[in-house]
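Novice: The structure follows.
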Protein chains: 2
Amino acid sequence: MEPFSQQFQQRLLEGDKRIAERVPPRFDADFRARLYDLLRWRRDVRRFKRTPLPEGTIERLIAVACLSPSVGLSEPWRFVLVENPERRARIRANFEACNKEALEMQDPDRAALYARLKLAGLDDAPVQVSVFSDRGTAQGAGLGRLTMPETLDYSVVTAMHTLWLVARAEGLGLGWVSILDPARMAEILEVPKDWIFIGHLCMGYPVQEDDTPVLEREGWEHRHAPEGVVVRR
Amino acid sequence: MEPFSQQFQQRLLEGDKRIAERVPPRFDADFRARLYDLLRWRRDVRRFKRTPLPEGTIERLIAVACLSPSVGLSEPWRFVLVENPERRARIRANFEACNKEALEMQDPDRAALYARLKLAGLDDAPVQVSVFSDRGTAQGAGLGRLTMPETLDYSVVTAMHTLWLVARAEGLGLGWVSILDPARMAEILEVPKDWIFIGHLCMGYPVQEDDTPVLEREGWEHRHAPEGVVVRR
């Protein structure tokens with residue numbers, strides 16, 4: 001079924017079995033245990049197999065990501081599928097320039113480790129998606145974003161996070177590349193001037209799966225206990 | 001089990017059944033169908049029952065949210081549980097002031113509708129959590145955020161989105177209030193000066209469940225087809 005077909009949209013929005021009755025689903029302990037598994041095994045993947053994704057996969061996953069929340073129902077997410085080899089090369093060069101600068105900011109001990117981390121899957125990932133926030137959208141008529149226009153960008157982030165989770169649920173990995181110059185990304189991809197760059201996503205089948213972040217495995221940083229991030233007022 | 005106990009943390013991070021063997025989970029079509037249900041029935045809830053949540057629920061859900069991705073494993077999310085009635089009243093007043101201004105920006109036809117939308121669950125929600133991004137954190141040693149420090153805030157948004165999904169999976173609703181003055185929120189809640197306000201969350205049992213956004217039900221805005229947000233380069 002075509003990911004952008006009317007029929008697919010209807011199934012996605014209404015669900016297969018509840019088109020007529022619209023009965024709210026009940027989620028049980030078993031589903032929650034699997035959901036926690038998904039959250040625990042979602043990783044920021046850097047090493048991908050070069051195996052292409054089945055035809056239509058990324059479009060289908062993006063359609064699901066569009067179910068994400070957005071301020072005032074503005075749906076400001078814009079997905080740029082980067083397919084042109086020359087543009088990919090320019091994004092890689094953008095990453096290399098920014099990464100070099102980032103290396104110089106680190107102390108020498110950490111820099112060697114940092115270099116080893118292979119921060120980008122830019123060379124191998126079969127799918128690359130640059131995600132932007134349309135700060136100029138009229139959709140939603142400005143509702144909810146007068147005091148905080150950045151909530152448009154936050155809406156885009158929820159869609160990227162949904163994409164991440166549903167990709168993982170299909171055995172795919174996603175890596176978010178942030179060591180990039182946002183203005184340069186907009187130039188390379190020739191997007192409208194109101195679009196703000198949020199992040200560049202590499203997607204594909206991961207070389208390995210893990211429940212521990214690569215930065216933790218490599219001794220860069222470790223996760224901290226949640227009680228340290230909660231205060232009461 | 002105490003949500004912040006060592007034992008709970010270990011179960012959360014390692015999973016009940018895979019502590020020793022760490023076998024990657026396989027997600028099947030049935031799980032994905034339920035996950036899509038969750039995404040489709042997640043709503044921005046504005047009307048809550050006043051029923052309190054079971055003891056320890058919010059702490060437990062926050063602990064799960066801390067499994068979310070963060071730039072350089074910086075974990076910059078900070079959750080402020082707003083319990084003090086006087087502070088809650090001041091947040092409500094902040095909302096009312098900003099909402100009045102937002103109303104004046106709307107055309108008169110829309111303003112009446114806007115007023116009817118009951119944008120805040122601030123009066124009824126038993127749990128209120130203000131979420132901040134710690135822009136001053138040393139965790140992660142700046143990795144990945146040199147060119148885009150706002151990725152710290154984006155990390156916080158992924159944690160808020162996780163909280164939203166796992167709350168919904170327990171039959172709870174969450175409403176994100178953004179019509180607030182961020183600087184005033186920091187004052188009211190007396191947080192450290194490096195903390196940036198991201199959003200204020202109301203949580204509790206929803207009065208009703210729906211698969212259609214309230215803004216769509218009320219005729220304010222409707223969701224658009226995904227093909228309109230995808231471009232190829």
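Just remember, in the structure tokens the first chain shown is A, the second B, etc., residues are 1-based per chain, and ligands are 1-based in the order shown.
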Please provide as an NGL selection string all residues within 8 Å of range 209-214 of chain B, with the sequence filter that same-chain residues fewer than 3 positions apart are discarded (counting only C-alpha atoms).

Specialist: (:A and (13-14 or 22 or 24)) or (:B and (40-44 or 206 or 217-218))

Novice: Wanna dump the chain B-chain A contacts at 6 Å for me, each residue with its shortest atom pair and the distance in Å to one decimal, counting only C-alpha atoms, ordered by chain and number, as CSV?

Specialist:
residue,atom,partner,partner_atom,distance
B:Phe27,CA,A:Ala169,CA,5.6
B:Ala63,CA,A:Pro226,CA,5.4
B:Arg78,CA,A:Val229,CA,4.8
B:Phe79,CA,A:Val230,CA,4.8
B:Val80,CA,A:Val231,CA,5.0
B:Leu81,CA,A:Arg232,CA,4.8
B:Val82,CA,A:Arg233,CA,5.1
B:Glu83,CA,A:Arg233,CA,5.9
B:Gly140,CA,A:Glu221,CA,5.9
B:Gly144,CA,A:Ile179,CA,5.5
B:Ala169,CA,A:Phe27,CA,5.6
B:Ser178,CA,A:Gly144,CA,5.9
B:Ile179,CA,A:Gly144,CA,5.5
B:Glu221,CA,A:Gly140,CA,5.9
B:Pro226,CA,A:Ala63,CA,5.4
B:Val229,CA,A:Arg78,CA,4.8
B:Val230,CA,A:Phe79,CA,4.8
B:Val231,CA,A:Val80,CA,5.0
B:Arg232,CA,A:Leu81,CA,4.8
B:Arg233,CA,A:Val82,CA,5.1

Novice: Please return as a PyMOL selection string: the residues of range 118-176 of chain B that backbone DSSP assigns to strand (DSSP E or B).

Specialist: chain B and resi 127-134+173-176

Novice: Which residues, written as a list of chain:residue names, have at least one atom at most 6 Å from Gly173 in chain A, with only C-alpha atoms counted and residues fewer than 6 positions away on the same chain left out?

Specialist: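 Here the answer would be A:Val45, A:Met203, A:Gly204, A:Tyr205, A:Pro206.
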
Novice: Let's have the selection written as a compact mmCIF listing (two decimals), in the first residue's frame, with all heavy atoms.

Specialist:
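Written output follows (out-v7.txt):
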# COMPACT_ATOMS: atom_id res chain seq x y z
N VAL A 45 22.47 5.36 16.87
CA VAL A 45 23.30 4.43 16.10
C VAL A 45 24.28 5.19 15.21
O VAL A 45 23.91 6.16 14.56
CB VAL A 45 22.41 3.49 15.26
CG1 VAL A 45 23.24 2.64 14.30
CG2 VAL A 45 21.57 2.61 16.18
N MET A 203 19.74 6.80 8.88
CA MET A 203 18.92 5.63 9.19
C MET A 203 19.31 4.43 8.36
O MET A 203 19.71 4.57 7.21
CB MET A 203 17.44 5.95 8.96
CG MET A 203 16.90 6.98 9.93
SD MET A 203 15.17 7.45 9.57
CE MET A 203 14.32 5.96 10.03
N GLY A 204 19.20 3.26 8.99
CA GLY A 204 19.52 2.02 8.30
C GLY A 204 19.53 0.88 9.30
O GLY A 204 19.16 1.06 10.46
N TYR A 205 19.96 -0.29 8.84
CA TYR A 205 20.08 -1.43 9.75
C TYR A 205 21.36 -1.28 10.56
O TYR A 205 22.44 -1.07 9.98
CB TYR A 205 20.07 -2.74 8.96
CG TYR A 205 18.75 -2.96 8.25
CD1 TYR A 205 18.61 -2.68 6.90
CD2 TYR A 205 17.64 -3.42 8.95
CE1 TYR A 205 17.38 -2.85 6.25
CE2 TYR A 205 16.41 -3.59 8.32
CZ TYR A 205 16.29 -3.31 6.97
OH TYR A 205 15.08 -3.46 6.35
N PRO A 206 21.28 -1.38 11.89
CA PRO A 206 22.47 -1.20 12.72
C PRO A 206 23.42 -2.40 12.63
O PRO A 206 22.97 -3.53 12.44
CB PRO A 206 21.90 -1.06 14.13
CG PRO A 206 20.60 -1.80 14.10
CD PRO A 206 20.07 -1.65 12.69

Novice: To one decimal place, how far is CA of Glu96 in chain A from CA of Gly121 in chain A in Å?

Specialist: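 These atoms are spaced 12.3 Å apart.
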
Novice: Looking only at the backbone, which of the residues in range 39-140 of chain B does DSSP tag as alpha helix (DSSP H), as JSON, numbers by chain?

Specialist: {"B": [39, 40, 41, 57, 58, 59, 60, 61, 62, 63, 64, 65, 85, 86, 87, 88, 89, 90, 91, 92, 93, 94, 95, 96, 97, 98, 99, 100, 101, 102, 103, 104, 105, 108, 109, 110, 111, 112, 113, 114, 115, 116]}

Novice: Mind dumping the selected residues with N, CA and C atoms as a CSV table (one decimal), in the first residue's frame?

Specialist:
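What landed in result-v4.csv:
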chain,number,residue,atom,x,y,z
B,39,LEU,N,0.3,6.1,19.7
B,39,LEU,CA,0.6,7.3,19.1
B,39,LEU,C,-0.7,8.0,18.6
B,40,ARG,N,-1.6,7.2,18.1
B,40,ARG,CA,-2.9,7.7,17.6
B,40,ARG,C,-3.8,8.3,18.7
B,41,TRP,N,-3.7,7.6,19.9
B,41,TRP,CA,-4.6,8.0,21.0
B,41,TRP,C,-3.9,8.9,22.0
B,57,THR,N,3.8,7.5,41.5
B,57,THR,CA,3.6,7.3,40.0
B,57,THR,C,4.4,8.3,39.2
B,58,ILE,N,4.4,9.5,39.5
B,58,ILE,CA,5.1,10.5,38.7
B,58,ILE,C,6.6,10.3,38.8
B,59,GLU,N,7.1,9.9,40.0
B,59,GLU,CA,8.5,9.7,40.1
B,59,GLU,C,9.0,8.5,39.2
B,60,ARG,N,8.1,7.5,39.2
B,60,ARG,CA,8.4,6.3,38.4
B,60,ARG,C,8.4,6.6,36.9
B,61,LEU,N,7.4,7.4,36.5
B,61,LEU,CA,7.3,7.8,35.1
B,61,LEU,C,8.5,8.6,34.7
B,62,ILE,N,8.9,9.5,35.5
B,62,ILE,CA,10.1,10.4,35.3
B,62,ILE,C,11.3,9.5,35.1
B,63,ALA,N,11.4,8.5,36.0
B,63,ALA,CA,12.6,7.6,35.9
B,63,ALA,C,12.6,6.9,34.5
B,64,VAL,N,11.5,6.5,34.0
B,64,VAL,CA,11.4,5.9,32.6
B,64,VAL,C,11.8,7.0,31.6
B,65,ALA,N,11.3,8.2,31.7
B,65,ALA,CA,11.6,9.3,30.8
B,65,ALA,C,13.1,9.6,30.7
B,85,PRO,N,0.6,25.2,46.7
B,85,PRO,CA,-0.6,25.9,46.2
B,85,PRO,C,-0.3,27.3,45.8
B,86,GLU,N,0.5,28.0,46.5
B,86,GLU,CA,0.8,29.4,46.2
B,86,GLU,C,1.5,29.5,44.8
B,87,ARG,N,2.5,28.7,44.7
B,87,ARG,CA,3.2,28.7,43.4
B,87,ARG,C,2.3,28.3,42.2
B,88,ARG,N,1.4,27.3,42.5
B,88,ARG,CA,0.5,26.9,41.4
B,88,ARG,C,-0.4,28.1,41.0
B,89,ALA,N,-0.8,28.9,42.0
B,89,ALA,CA,-1.7,30.1,41.8
B,89,ALA,C,-0.9,31.1,40.9
B,90,ARG,N,0.4,31.3,41.2
B,90,ARG,CA,1.2,32.2,40.5
B,90,ARG,C,1.4,31.8,39.0
B,91,ILE,N,1.6,30.5,38.8
B,91,ILE,CA,1.7,30.0,37.5
B,91,ILE,C,0.4,30.2,36.7
B,92,ARG,N,-0.7,30.0,37.4
B,92,ARG,CA,-2.1,30.2,36.8
B,92,ARG,C,-2.2,31.7,36.4
B,93,ALA,N,-1.7,32.6,37.2
B,93,ALA,CA,-1.8,34.0,36.9
B,93,ALA,C,-0.9,34.3,35.7
B,94,ASN,N,0.2,33.7,35.7
B,94,ASN,CA,1.2,33.9,34.5
B,94,ASN,C,0.4,33.4,33.3
B,95,PHE,N,-0.2,32.3,33.3
B,95,PHE,CA,-0.9,31.8,32.1
B,95,PHE,C,-2.0,32.8,31.7
B,96,GLU,N,-2.8,33.3,32.7
B,96,GLU,CA,-3.9,34.2,32.4
B,96,GLU,C,-3.4,35.5,31.7
B,97,ALA,N,-2.3,36.0,32.2
B,97,ALA,CA,-1.8,37.2,31.7
B,97,ALA,C,-1.4,37.0,30.2
B,98,CYS,N,-0.6,35.9,30.0
B,98,CYS,CA,-0.2,35.6,28.6
B,98,CYS,C,-1.3,35.2,27.7
B,99,ASN,N,-2.3,34.5,28.2
B,99,ASN,CA,-3.5,34.1,27.4
B,99,ASN,C,-4.3,35.3,27.0
B,100,LYS,N,-4.4,36.3,27.9
B,100,LYS,CA,-5.1,37.6,27.5
B,100,LYS,C,-4.5,38.2,26.3
B,101,GLU,N,-3.1,38.3,26.4
B,101,GLU,CA,-2.4,38.9,25.3
B,101,GLU,C,-2.6,38.1,24.0
B,102,ALA,N,-2.5,36.8,24.1
B,102,ALA,CA,-2.7,35.9,23.0
B,102,ALA,C,-4.1,36.1,22.3
B,103,LEU,N,-5.1,36.3,23.2
B,103,LEU,CA,-6.5,36.5,22.7
B,103,LEU,C,-6.5,37.8,21.9
B,104,GLU,N,-5.8,38.8,22.3
B,104,GLU,CA,-5.9,40.1,21.6
B,104,GLU,C,-5.2,40.0,20.2
B,105,MET,N,-4.3,39.0,20.1
B,105,MET,CA,-3.7,38.9,18.8
B,105,MET,C,-4.5,38.1,17.8
B,108,PRO,N,-11.4,38.5,15.9
B,108,PRO,CA,-12.6,38.4,16.9
B,108,PRO,C,-13.3,37.0,16.7
B,109,ASP,N,-13.5,36.6,15.4
B,109,ASP,CA,-14.2,35.4,15.2
B,109,ASP,C,-13.6,34.2,15.9
B,110,ARG,N,-12.2,34.2,15.8
B,110,ARG,CA,-11.5,33.1,16.4
B,110,ARG,C,-11.4,33.2,17.9
B,111,ALA,N,-11.4,34.5,18.4
B,111,ALA,CA,-11.2,34.7,19.8
B,111,ALA,C,-12.2,34.0,20.7
B,112,ALA,N,-13.5,34.0,20.2
B,112,ALA,CA,-14.5,33.4,21.0
B,112,ALA,C,-14.3,31.9,21.1
B,113,LEU,N,-13.9,31.3,19.9
B,113,LEU,CA,-13.6,29.9,19.9
B,113,LEU,C,-12.4,29.6,20.8
B,114,TYR,N,-11.4,30.4,20.6
B,114,TYR,CA,-10.2,30.3,21.4
B,114,TYR,C,-10.5,30.2,22.9
B,115,ALA,N,-11.4,31.1,23.4
B,115,ALA,CA,-11.7,31.2,24.8
B,115,ALA,C,-12.4,29.9,25.2
B,116,ARG,N,-13.2,29.3,24.3
B,116,ARG,CA,-13.9,28.1,24.6
B,116,ARG,C,-13.0,26.9,24.8

Novice: As an exercise, work out the distance from CA of Met185 in chain B to CA of Arg50 in chain B in Å and give it to one decimal place.

Specialist: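 Going from CA of Met185 in chain B over to CA of Arg50 in chain B, I get 23.6 Å.
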
Novice: Between CA of Phe48 in chain B and CA of Pro126 in chain B, what is the spacing in Å?

Specialist: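 Atom-to-atom, CA of Pro126 in chain B to CA of Phe48 in chain B, that is 8.2 Å.
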
Novice: Near Cys202 in chain B, counting only C-alpha atoms, which residues have an atom at most 6 Å away, once you skip same-chain residues fewer than 3 positions from it, shown as a list in words?

Specialist: Ala125, Val127, Gln128, Leu174 and Gly175 of chain B
